[in-house]
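Enquirer: structure19.json is reproduced in full below (JSON, C-alpha atoms).
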[["chain", "number", "residue", "atom", "x", "y", "z"],
["M", 1, "MET", "CA", -3.42, -22.11, -9.03],
["M", 2, "LYS", "CA", -1.73, -19.49, -11.19],
["M", 3, "PRO", "CA", 1.13, -20.53, -13.51],
["M", 4, "ALA", "CA", 3.81, -19.31, -11.09],
["M", 5, "THR", "CA", 2.07, -21.16, -8.28],
["M", 6, "GLN", "CA", 1.78, -24.20, -10.49],
["M", 7, "ARG", "CA", 5.54, -24.27, -10.86],
["M", 8, "LEU", "CA", 5.92, -24.12, -7.08],
["M", 9, "ALA", "CA", 3.29, -26.83, -6.75],
["M", 10, "ALA", "CA", 5.14, -28.96, -9.29],
["M", 11, "ALA", "CA", 8.36, -28.69, -7.31],
["M", 12, "ALA", "CA", 6.54, -29.51, -4.09],
["M", 13, "ALA", "CA", 4.81, -32.44, -5.74],
["M", 14, "LEU", "CA", 8.06, -33.85, -7.09],
["M", 15, "THR", "CA", 9.63, -33.52, -3.65],
["M", 16, "CYS", "CA", 6.66, -35.27, -2.14],
["M", 17, "ALA", "CA", 6.83, -37.99, -4.83],
["M", 18, "VAL", "CA", 3.32, -39.19, -4.28],
["M", 19, "ALA", "CA", 0.38, -39.85, -6.59],
["M", 20, "ALA", "CA", -2.76, -37.76, -7.13],
["M", 21, "ALA", "CA", -3.81, -38.23, -3.53],
["M", 22, "GLY", "CA", -1.15, -35.67, -2.54],
["M", 23, "CYS", "CA", 1.08, -35.37, 0.50],
["M", 24, "GLY", "CA", 0.15, -36.41, 3.98],
["M", 25, "LEU", "CA", -0.80, -40.06, 3.86],
["M", 26, "GLY", "CA", -2.27, -41.68, 6.93],
["M", 27, "ALA", "CA", -5.45, -41.53, 8.95],
["M", 28, "GLY", "CA", -4.64, -38.38, 10.91],
["M", 29, "THR", "CA", -6.79, -36.76, 13.55],
["M", 30, "SER", "CA", -10.21, -35.31, 12.89],
["M", 31, "SER", "CA", -10.93, -31.64, 12.31],
["M", 32, "SER", "CA", -14.31, -30.46, 13.57],
["M", 33, "GLY", "CA", -16.72, -28.53, 11.37],
["M", 34, "THR", "CA", -17.97, -28.92, 7.83],
["M", 35, "ALA", "CA", -15.68, -28.06, 4.93],
["M", 36, "THR", "CA", -17.27, -27.24, 1.58],
["M", 37, "LEU", "CA", -16.05, -27.80, -1.96],
["M", 38, "THR", "CA", -17.28, -25.78, -4.93],
["M", 39, "VAL", "CA", -16.14, -26.22, -8.53],
["M", 40, "THR", "CA", -17.11, -23.62, -11.13],
["M", 41, "ARG", "CA", -15.96, -22.22, -14.42],
["M", 42, "ASP", "CA", -15.78, -18.80, -16.09],
["M", 43, "TYR", "CA", -15.40, -16.68, -12.96],
["M", 44, "GLY", "CA", -18.02, -18.62, -11.06],
["M", 45, "SER", "CA", -20.75, -18.09, -13.65],
["M", 46, "LYS", "CA", -21.42, -21.83, -13.98],
["M", 47, "THR", "CA", -21.42, -24.24, -11.03],
["M", 48, "LEU", "CA", -20.10, -27.71, -11.87],
["M", 49, "LEU", "CA", -19.89, -29.40, -8.46],
["M", 50, "GLU", "CA", -20.70, -28.86, -4.80],
["M", 51, "ALA", "CA", -19.80, -31.17, -1.92],
["M", 52, "THR", "CA", -19.20, -31.18, 1.82],
["M", 53, "ASP", "CA", -16.82, -32.96, 4.19],
["M", 54, "GLU", "CA", -17.86, -33.20, 7.83],
["M", 55, "GLY", "CA", -15.15, -33.75, 10.41],
["M", 56, "GLY", "CA", -12.45, -34.79, 7.97],
["M", 57, "SER", "CA", -9.06, -36.05, 9.13],
["M", 58, "SER", "CA", -6.03, -33.83, 9.43],
["M", 59, "SER", "CA", -4.47, -35.69, 6.49],
["M", 60, "GLU", "CA", -7.15, -34.33, 4.15],
["M", 61, "THR", "CA", -5.62, -32.00, 1.60],
["M", 62, "VAL", "CA", -7.33, -29.83, -0.99],
["M", 63, "ILE", "CA", -6.40, -32.21, -3.77],
["M", 64, "ARG", "CA", -7.61, -35.23, -1.79],
["M", 65, "PHE", "CA", -10.93, -33.52, -1.15],
["M", 66, "LEU", "CA", -11.30, -32.73, -4.84],
["M", 67, "ASP", "CA", -10.24, -36.21, -5.94],
["M", 68, "SER", "CA", -12.85, -37.78, -3.66],
["M", 69, "GLU", "CA", -15.66, -35.89, -5.43],
["M", 70, "ALA", "CA", -14.53, -35.48, -9.04],
["M", 71, "GLU", "CA", -12.60, -37.16, -11.82],
["M", 72, "ILE", "CA", -9.27, -35.39, -12.03],
["M", 73, "THR", "CA", -5.99, -35.71, -13.88],
["M", 74, "THR", "CA", -2.74, -34.38, -12.52],
["M", 75, "ARG", "CA", 0.82, -33.58, -13.52],
["M", 76, "TYR", "CA", 4.16, -33.28, -11.77],
["M", 77, "GLY", "CA", 3.77, -36.24, -9.49],
["M", 78, "GLY", "CA", 0.18, -35.43, -8.59],
["M", 79, "GLY", "CA", 0.53, -31.91, -7.18],
["M", 80, "PHE", "CA", -0.84, -29.97, -10.14],
["M", 81, "VAL", "CA", -4.47, -30.41, -11.23],
["M", 82, "GLN", "CA", -4.61, -30.57, -15.00],
["M", 83, "SER", "CA", -8.29, -31.37, -15.46],
["M", 84, "ILE", "CA", -11.51, -31.71, -13.46],
["M", 85, "ASN", "CA", -14.33, -33.82, -14.90],
["M", 86, "GLY", "CA", -12.84, -33.58, -18.36],
["M", 87, "ILE", "CA", -12.21, -29.82, -18.42],
["M", 88, "SER", "CA", -8.50, -29.43, -18.97],
["M", 89, "GLY", "CA", -6.10, -26.57, -18.41],
["M", 90, "GLY", "CA", -5.16, -24.78, -21.60],
["M", 91, "GLY", "CA", -8.59, -24.86, -23.22],
["M", 92, "GLU", "CA", -9.25, -23.71, -26.74],
["M", 93, "GLY", "CA", -6.44, -21.38, -27.72],
["M", 94, "GLY", "CA", -4.78, -21.66, -24.30],
["M", 95, "GLY", "CA", -4.79, -19.06, -21.57],
["M", 96, "SER", "CA", -7.23, -20.85, -19.24],
["M", 97, "ASP", "CA", -6.51, -22.90, -16.15],
["M", 98, "TRP", "CA", -7.78, -24.17, -12.81],
["M", 99, "PHE", "CA", -7.30, -21.88, -9.80],
["M", 100, "PHE", "CA", -8.29, -22.56, -6.22],
["M", 101, "TYR", "CA", -9.19, -20.46, -3.20],
["M", 102, "VAL", "CA", -9.28, -21.28, 0.49],
["M", 103, "ASN", "CA", -11.75, -19.09, 2.36],
["M", 104, "GLY", "CA", -11.72, -16.55, -0.44],
["M", 105, "VAL", "CA", -7.93, -16.24, -0.75],
["M", 106, "GLU", "CA", -5.89, -17.61, -3.63],
["M", 107, "SER", "CA", -3.47, -20.23, -2.35],
["M", 108, "PRO", "CA", 0.25, -19.45, -2.67],
["M", 109, "VAL", "CA", 1.14, -23.16, -2.66],
["M", 110, "GLY", "CA", -0.08, -26.25, -4.45],
["M", 111, "SER", "CA", -3.25, -28.13, -3.59],
["M", 112, "ALA", "CA", -1.30, -31.16, -2.32],
["M", 113, "ASP", "CA", 0.27, -28.96, 0.36],
["M", 114, "VAL", "CA", -2.85, -27.31, 1.77],
["M", 115, "ARG", "CA", -4.69, -29.04, 4.60],
["M", 116, "VAL", "CA", -8.46, -28.84, 4.74],
["M", 117, "GLU", "CA", -9.68, -27.71, 8.15],
["M", 118, "GLY", "CA", -13.22, -28.00, 9.46],
["M", 119, "GLY", "CA", -15.18, -24.98, 8.26],
["M", 120, "ASP", "CA", -12.92, -24.25, 5.27],
["M", 121, "ARG", "CA", -14.50, -23.16, 2.01],
["M", 122, "ILE", "CA", -12.57, -24.57, -0.94],
["M", 123, "TRP", "CA", -13.39, -23.10, -4.35],
["M", 124, "TRP", "CA", -11.94, -24.24, -7.67],
["M", 125, "ASP", "CA", -12.62, -22.10, -10.74],
["M", 126, "TYR", "CA", -11.64, -22.60, -14.36],
["M", 127, "ARG", "CA", -10.95, -19.23, -15.95],
["M", 128, "LYS", "CA", -8.85, -17.20, -18.35],
["M", 129, "TRP", "CA", -5.70, -15.74, -16.85],
["M", 130, "THR", "CA", -4.49, -13.57, -19.73],
["M", 131, "ALA", "CA", -5.74, -10.29, -18.20],
["M", 132, "ALA", "CA", -5.03, -11.22, -14.58],
["M", 133, "MET", "CA", -2.39, -13.83, -13.89],
["M", 134, "SER", "CA", -3.44, -13.66, -10.27],
["M", 135, "VAL", "CA", -6.71, -12.79, -8.56],
["M", 136, "PRO", "CA", -5.45, -12.77, -4.97],
["M", 137, "ALA", "CA", -8.83, -12.57, -3.22],
["M", 138, "VAL", "CA", -12.52, -12.93, -4.07],
["M", 139, "VAL", "CA", -15.83, -12.22, -2.35],
["M", 140, "GLY", "CA", -17.58, -15.43, -3.37],
["M", 141, "SER", "CA", -16.85, -17.46, -0.22],
["M", 142, "TRP", "CA", -18.81, -15.14, 2.11],
["M", 143, "PRO", "CA", -18.83, -15.04, 5.10],
["M", 144, "GLU", "CA", -15.17, -16.00, 4.76],
["M", 145, "PRO", "CA", -12.57, -14.72, 5.26],
["M", 146, "PHE", "CA", -14.34, -12.83, 8.05],
["M", 147, "ALA", "CA", -15.94, -15.82, 9.80],
["M", 148, "GLN", "CA", -12.56, -17.50, 10.43],
["M", 149, "ALA", "CA", -14.54, -20.72, 10.83],
["M", 150, "SER", "CA", -11.45, -22.93, 10.82],
["M", 151, "SER", "CA", -9.83, -20.92, 13.61],
["M", 152, "ASP", "CA", -10.06, -22.03, 17.22],
["M", 153, "ARG", "CA", -10.22, -18.39, 18.31],
["M", 154, "PRO", "CA", -11.83, -16.15, 15.69],
["M", 155, "ARG", "CA", -11.07, -12.49, 16.31],
["M", 156, "PRO", "CA", -13.33, -9.45, 15.84],
["M", 157, "VAL", "CA", -13.30, -7.94, 12.35],
["M", 158, "ARG", "CA", -12.70, -4.22, 11.98],
["M", 159, "VAL", "CA", -15.22, -2.27, 9.91],
["M", 160, "VAL", "CA", -13.36, 0.90, 8.92],
["M", 161, "CYS", "CA", -15.93, 3.65, 8.41],
["M", 162, "ARG", "CA", -14.93, 6.49, 6.08],
["M", 163, "GLY", "CA", -18.29, 8.22, 6.00],
["M", 164, "VAL", "CA", -21.85, 6.99, 5.34],
["M", 165, "PRO", "CA", -22.50, 5.67, 8.87],
["M", 166, "ALA", "CA", -25.69, 3.94, 7.74],
["M", 167, "ALA", "CA", -23.68, 1.80, 5.32],
["M", 168, "CYS", "CA", -21.14, 1.00, 8.04],
["M", 169, "GLU", "CA", -23.91, -0.10, 10.39],
["M", 170, "ALA", "CA", -25.46, -2.16, 7.61],
["M", 171, "ALA", "CA", -22.13, -3.86, 6.92],
["M", 172, "ALA", "CA", -21.67, -4.66, 10.61],
["M", 173, "GLY", "CA", -25.22, -5.98, 10.69],
["M", 174, "HIS", "CA", -24.63, -8.34, 7.79],
["M", 175, "LEU", "CA", -21.48, -9.62, 9.49],
["M", 176, "ARG", "CA", -23.42, -10.16, 12.68],
["M", 177, "GLU", "CA", -26.12, -12.10, 10.80],
["M", 178, "ALA", "CA", -23.33, -14.33, 9.47],
["M", 179, "GLY", "CA", -22.09, -14.99, 13.01],
["M", 180, "VAL", "CA", -19.13, -12.61, 12.77],
["M", 181, "THR", "CA", -18.20, -10.24, 15.59],
["M", 182, "SER", "CA", -17.11, -6.83, 14.30],
["M", 183, "ARG", "CA", -16.05, -3.45, 15.60],
["M", 184, "ILE", "CA", -16.71, -0.18, 13.78],
["M", 185, "GLY", "CA", -13.84, 2.33, 13.75],
["M", 186, "SER", "CA", -12.67, 5.25, 11.66],
["M", 187, "GLY", "CA", -9.24, 4.11, 10.57],
["M", 188, "GLY", "CA", -6.19, 1.95, 10.95],
["M", 189, "GLN", "CA", -5.16, -1.45, 9.71],
["M", 190, "SER", "CA", -6.56, -4.73, 10.97],
["M", 191, "ASP", "CA", -4.67, -6.77, 13.48],
["M", 192, "SER", "CA", -2.31, -9.22, 11.82],
["M", 193, "GLY", "CA", -4.20, -12.01, 10.09],
["M", 194, "VAL", "CA", -7.65, -10.48, 10.67],
["M", 195, "PRO", "CA", -9.45, -9.11, 7.61],
["M", 196, "ARG", "CA", -11.06, -5.68, 7.63],
["M", 197, "MET", "CA", -13.91, -4.08, 5.71],
["M", 198, "LEU", "CA", -13.38, -0.56, 4.38],
["M", 199, "VAL", "CA", -16.68, 1.28, 3.90],
["M", 200, "GLY", "CA", -17.15, 4.72, 2.38],
["M", 201, "PRO", "CA", -17.33, 6.83, -0.79],
["M", 202, "TRP", "CA", -14.63, 6.24, -3.37],
["M", 203, "ALA", "CA", -13.16, 9.72, -2.83],
["M", 204, "LYS", "CA", -12.47, 8.77, 0.82],
["M", 205, "VAL", "CA", -11.29, 5.17, 0.44],
["M", 206, "ARG", "CA", -9.17, 5.46, -2.70],
["M", 207, "ALA", "CA", -6.09, 6.75, -0.85],
["M", 208, "ASP", "CA", -5.95, 3.72, 1.44],
["M", 209, "PRO", "CA", -2.73, 1.77, 0.73],
["M", 210, "ALA", "CA", -4.67, -1.45, 0.12],
["M", 211, "VAL", "CA", -6.89, 0.26, -2.46],
["M", 212, "ASP", "CA", -4.34, 2.40, -4.26],
["M", 213, "GLU", "CA", -3.62, -0.01, -7.11],
["M", 214, "LEU", "CA", -7.27, -0.55, -8.02],
["M", 215, "THR", "CA", -6.95, 2.22, -10.60],
["M", 216, "HIS", "CA", -4.32, 0.17, -12.47],
["M", 217, "GLY", "CA", -6.74, -2.56, -13.55],
["M", 218, "PRO", "CA", -7.08, -6.30, -12.94],
["M", 219, "ALA", "CA", -3.44, -7.09, -13.74],
["M", 220, "SER", "CA", -2.48, -5.30, -10.51],
["M", 221, "THR", "CA", -5.26, -6.30, -8.14],
["M", 222, "GLY", "CA", -7.35, -9.00, -9.80],
["M", 223, "VAL", "CA", -10.42, -6.76, -9.50],
["M", 224, "PHE", "CA", -12.25, -6.34, -12.80],
["M", 225, "ALA", "CA", -13.53, -2.84, -12.07],
["M", 226, "THR", "CA", -12.23, 0.68, -11.69],
["M", 227, "PHE", "CA", -13.53, 4.17, -11.15],
["M", 228, "LYS", "CA", -13.45, 6.94, -13.76],
["M", 229, "GLY", "CA", -13.69, 10.60, -12.99],
["M", 230, "PRO", "CA", -14.71, 12.60, -11.28],
["M", 231, "ILE", "CA", -17.18, 13.50, -14.03],
["M", 232, "HIS", "CA", -19.28, 16.50, -13.04],
["M", 233, "GLY", "CA", -18.20, 15.83, -9.47],
["M", 234, "ARG", "CA", -19.16, 12.14, -9.46],
["M", 235, "TRP", "CA", -17.18, 8.94, -9.94],
["M", 236, "HIS", "CA", -18.37, 6.33, -12.43],
["M", 237, "LEU", "CA", -17.87, 2.64, -11.74],
["M", 238, "ILE", "CA", -16.48, 0.92, -14.83],
["M", 239, "GLY", "CA", -16.96, -2.83, -15.37],
["M", 240, "ILE", "CA", -14.10, -4.74, -17.02],
["M", 241, "ASP", "CA", -14.33, -7.94, -19.08],
["M", 242, "PRO", "CA", -12.12, -11.07, -18.73],
["M", 243, "ASN", "CA", -9.75, -9.69, -21.38],
["M", 244, "GLY", "CA", -9.06, -6.61, -19.28],
["M", 245, "ASN", "CA", -11.14, -4.25, -21.42],
["M", 246, "PRO", "CA", -13.45, -1.61, -19.90],
["M", 247, "VAL", "CA", -16.80, -2.60, -21.38],
["M", 248, "ARG", "CA", -19.57, -1.10, -19.25],
["M", 249, "ASP", "CA", -20.06, 2.26, -17.58],
["M", 250, "LEU", "CA", -22.15, 1.27, -14.57],
["M", 251, "GLY", "CA", -22.56, 4.92, -13.68],
["M", 252, "PRO", "CA", -22.23, 7.05, -10.54],
["M", 253, "ARG", "CA", -25.10, 5.29, -8.76],
["M", 254, "ALA", "CA", -23.35, 1.90, -8.76],
["M", 255, "GLY", "CA", -21.57, 0.56, -5.71],
["M", 256, "LEU", "CA", -18.75, -1.99, -5.53],
["M", 257, "VAL", "CA", -17.94, -4.90, -3.23],
["M", 258, "ALA", "CA", -14.45, -6.28, -3.88],
["M", 259, "ALA", "CA", -11.65, -8.08, -2.05],
["M", 260, "LEU", "CA", -8.01, -7.00, -2.04],
["M", 261, "GLY", "CA", -4.82, -8.57, -0.75],
["M", 262, "GLY", "CA", -3.36, -12.02, -1.18],
["M", 263, "ALA", "CA", -2.17, -14.74, 1.16],
["M", 264, "GLY", "CA", 0.05, -13.30, 3.87],
["M", 265, "ASP", "CA", -1.39, -9.80, 3.44],
["M", 266, "SER", "CA", -3.95, -8.06, 5.58],
["M", 267, "GLN", "CA", -7.20, -8.83, 3.78],
["M", 268, "THR", "CA", -9.25, -5.76, 2.92],
["M", 269, "TRP", "CA", -12.72, -5.67, 1.42],
["M", 270, "ILE", "CA", -14.02, -2.41, 0.00],
["M", 271, "VAL", "CA", -17.66, -1.41, 0.09],
["M", 272, "THR", "CA", -17.73, 1.78, -1.91],
["M", 273, "GLY", "CA", -19.30, 3.94, -4.61],
["M", 274, "SER", "CA", -19.46, 7.53, -5.76],
["M", 275, "GLY", "CA", -21.88, 8.75, -3.11],
["M", 276, "GLY", "CA", -23.77, 7.68, -0.03],
["M", 277, "LYS", "CA", -26.60, 5.91, -1.85],
["M", 278, "ALA", "CA", -24.14, 3.88, -3.91],
["M", 279, "VAL", "CA", -22.21, 2.87, -0.78],
["M", 280, "ARG", "CA", -25.41, 1.83, 0.99],
["M", 281, "ARG", "CA", -26.44, -0.08, -2.12],
["M", 282, "ALA", "CA", -23.12, -1.96, -2.04],
["M", 283, "ALA", "CA", -23.48, -2.71, 1.69],
["M", 284, "GLY", "CA", -26.84, -4.28, 0.91],
["M", 285, "LEU", "CA", -25.07, -7.01, -1.09],
["M", 286, "LEU", "CA", -23.19, -8.44, 1.89],
["M", 287, "ASP", "CA", -24.91, -11.80, 2.02],
["M", 288, "ALA", "CA", -24.34, -15.27, 0.60],
["M", 289, "ARG", "CA", -27.10, -15.01, -2.00],
["M", 290, "SER", "CA", -25.61, -11.90, -3.60],
["M", 291, "LEU", "CA", -21.92, -12.77, -3.36],
["M", 292, "ARG", "CA", -21.76, -16.55, -3.74],
["M", 293, "ASN", "CA", -19.23, -17.72, -6.35],
["M", 294, "HIS", "CA", -18.49, -14.18, -7.56],
["M", 295, "TYR", "CA", -15.08, -12.56, -7.83],
["M", 296, "ALA", "CA", -16.50, -9.09, -7.12],
["M", 297, "VAL", "CA", -19.94, -7.53, -7.44],
["M", 298, "ALA", "CA", -21.33, -4.18, -8.58],
["M", 299, "ALA", "CA", -24.55, -2.92, -7.01],
["M", 300, "THR", "CA", -26.67, -1.02, -9.52],
["M", 301, "PRO", "CA", -30.20, 0.25, -8.91],
["M", 302, "GLY", "CA", -32.46, -2.79, -8.91],
["M", 303, "LYS", "CA", -29.85, -5.50, -9.52],
["M", 304, "SER", "CA", -26.34, -6.74, -8.88],
["M", 305, "VAL", "CA", -23.74, -7.25, -11.62],
["M", 306, "PRO", "CA", -21.05, -9.92, -11.15],
["M", 307, "LEU", "CA", -17.54, -8.89, -12.13],
["M", 308, "PRO", "CA", -15.84, -9.36, -14.50],
["M", 309, "VAL", "CA", -18.54, -8.40, -16.98],
["M", 310, "LEU", "CA", -19.26, -11.36, -19.25],
["M", 311, "GLY", "CA", -20.81, -11.34, -22.72],
["M", 312, "VAL", "CA", -20.38, -7.63, -23.49],
["M", 313, "LYS", "CA", -18.37, -6.90, -26.64],
["M", 314, "ARG", "CA", -18.45, -3.12, -26.67],
["M", 315, "PHE", "CA", -18.41, -0.27, -24.23],
["M", 316, "SER", "CA", -21.88, 0.59, -22.97]]
Go through the file and emit its structure as structure tokens.
Expert:
Amino acid sequence: MKPATQRLAAAAALTCAVAAAGCGLGAGTSSSGTATLTVTRDYGSKTLLEATDEGGSSSETVIRFLDSEAEITTRYGGGFVQSINGISGGGEGGGSDWFFYVNGVESPVGSADVRVEGGDRIWWDYRKWTAAMSVPAVVGSWPEPFAQASSDRPRPVRVVCRGVPAACEAAAGHLREAGVTSRIGSGGQSDSGVPRMLVGPWAKVRADPAVDELTHGPASTGVFATFKGPIHGRWHLIGIDPNGNPVRDLGPRAGLVAALGGAGDSQTWIVTGSGGKAVRRAAGLLDARSLRNHYAVAATPGKSVPLPVLGVKRFS
């Protein structure tokens, strides 16, 4: 939860006036499917806990799920998670906190007010928020949000193809392998509530309304990457560190997979790069092994680079 969300969660928790178990006491009805819980720190770079909940009751909330698997402390009547297994919000020097995602989307309300449905992917991460108060969406819960596993009637995902047909077909193929039905088209927004995947060179996707703010850095979009150029006719993908500093020029051959849009928005993923090879390279990362527990990922020749860039102190 981000600080603003924490304040909302605190108010909700005080209204609820319950302990750390959260709102919604009672047995409830069951919800089919397996929900997963992941707890990490430092932008998913270290996994602390993984657990599952098969066929939980409808009274199960995100905070209940967490409390059943980890030692937690709370504030504001139990709605705000202060610490998980001894790692407390604030950290050394402040500026770090616990944030949680449901199916790859940052929750706009507190963890005591979010029900866990069968198939949901719940991800808690302890990270710095000084450069990005909010990271509205992440790629690390693949195949969510596309799979819509907690929905009774999942709807086809739109793959918006802005050139590089081979990359568009590859993206649709990866979705299909994940059990997701998709349709390839050349434009338009997704239907309400259904995420879309925008595939193509940066020069062709950058004008899309959902992508426009990517050039303004992580404070605007929560994506720790941007493009610089064109330089000699080619765009360079720039990796950004947790402090918001551009620290690595990943070059014109690097592709990017990133998620844009928060709760209530039309979710858009971008699969892009300077040219066709970079876009195809990015499309090749659309699988759980490459994306798991990452906020965004750069595809460079021979390897993938999680974003933000960690452990780099100077521009390279």
Enquirer: Please write as a PyMOL selection string the list of polymer residues whose atoms come within 9 Å of (-22.2, -2.8, 0.2), counting all atoms listed in the file and keeping to the coordinates of the file.
Expert: chain M and resi 167-168+170-171+199+255-257+270-273+278-286+298-299
Enquirer: Which residue gives the smallest distance to Met197 of chain M among M:Ser141, M:Gln82, M:Ser274, M:Ser182, with all atoms listed in the file counted?
Expert: M:Ser182
Enquirer: Tell me which protein, DNA and RNA residues are within 8 Å of Ser134 of chain M, counting only C-alpha atoms, leaving out same-chain ones fewer than 2 positions away, and put them as a list in words.
Expert: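 My list of contacting residues is Lys2, Trp129, Ala132, Pro136, Ala219, Thr221 and Gly222 of chain M.
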Enquirer: Taking only C-alpha atoms into account, which of M:Gly79, M:Gly275, M:Gly89, M:Pro246 comes nearest Val114 of chain M?
Expert: M:Gly79
Enquirer: Can you measure atom CA of Thr268 of chain M to atom CA of Asp125 of chain M for me? One decimal in Å is fine.
Expert: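 Going from atom CA of Thr268 of chain M over to atom CA of Asp125 of chain M covers 21.6 Å.
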Enquirer: Closest to Asp241 of chain M among M:Ser88, M:Thr130, M:Ser220, M:Ser150, using all atoms listed in the file?
Expert: M:Thr130
Enquirer: For Ala149 of chain M, which residue out of M:Gly44, M:Phe65, M:Ala263, M:Thr36 is the nearest one, using only C-alpha atoms?
Expert: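 The shortest atom-to-atom distance to Ala149 of chain M comes from M:Thr36.
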Enquirer: Got a sec: who's within 10 Å of Val180 of chain M, counting all atoms listed in the file, leaving out chain neighbours fewer than 3 positions off, as a list of chain:residue names?
Expert: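 Non-adjacent residues within range: M:Pro143, M:Glu144, M:Phe146, M:Ala147, M:Gln148, M:Ala149, M:Pro154, M:Arg155, M:Pro156, M:Val157, M:Ala172, M:Gly173, M:His174, M:Leu175, M:Arg176, M:Glu177.
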Enquirer: Would you work out the distance separating atom CA of Arg64 of chain M from atom CA of Ala112 of chain M, expressed in Å to one decimal?
Expert: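 Atom-to-atom, atom CA of Arg64 of chain M to atom CA of Ala112 of chain M, that is 7.5 Å.
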Enquirer: Place a sphere of radius 9 Å on (-4.9, -13.2, 3.0) in the file coordinates and name every protein, DNA or RNA residue with an atom inside or on its surface, counting all atoms listed in the file; give the answer as a PyMOL selection string.
Expert: chain M and resi 104-107+136-137+145+193-195+260-268
Enquirer: Determine, counting all atoms listed in the file, which protein, DNA and RNA residues have an atom within 9 Å of an atom of Ser111 of chain M; residues of the same chain fewer than 2 positions away are not included. Present the result as a list in words.
Expert: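 Contacts, with the query itself left out: Met1, Ala9, Gly22, Thr61, Val62, Ile63, Arg64, Gly79, Phe80, Val81, Phe100, Ser107, Val109, Asp113, Val114 and Arg115 of chain M.
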Enquirer: Using only C-alpha atoms, which protein or nucleic acid residues come within 6 Å of Tyr295 of chain M? Drop anything in the same chain fewer than 4 positions from it, and give the result as a list in words.
Expert: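 Once the nearby chain positions are removed, what remains is Val138, Val139 and Gly140 of chain M.
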Enquirer: Here is a test: counting only C-alpha atoms, which residue of M:Arg253, M:Lys277, M:Arg248, M:Arg183 is nearest to Ala225 of chain M?
Expert: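 Using only C-alpha atoms, the shortest distance to Ala225 of chain M belongs to M:Arg248.
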Enquirer: Check the smallest atom-to-atom distance from each of M:Pro308, M:Cys161, M:Ile184, M:Ala203 to Gly217 of chain M using all atoms listed in the file, then report the winner.
Expert: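 Distance minimum relative to Gly217 of chain M lands on M:Pro308.
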Enquirer: For the atom pair atom CA of Gly200 of chain M and atom CA of Val309 of chain M, what is the interatomic distance in Å to one decimal place?
Expert: 23.4 Å
Enquirer: Mind checking which residues fall within 9 Å of Thr47 of chain M, counting all atoms listed in the file, ignoring those fewer than 6 positions away in the same chain, and posting them as a list in words?
Expert: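 The neighbour list is Thr38, Val39, Thr40, Arg41 and Asn293 of chain M.
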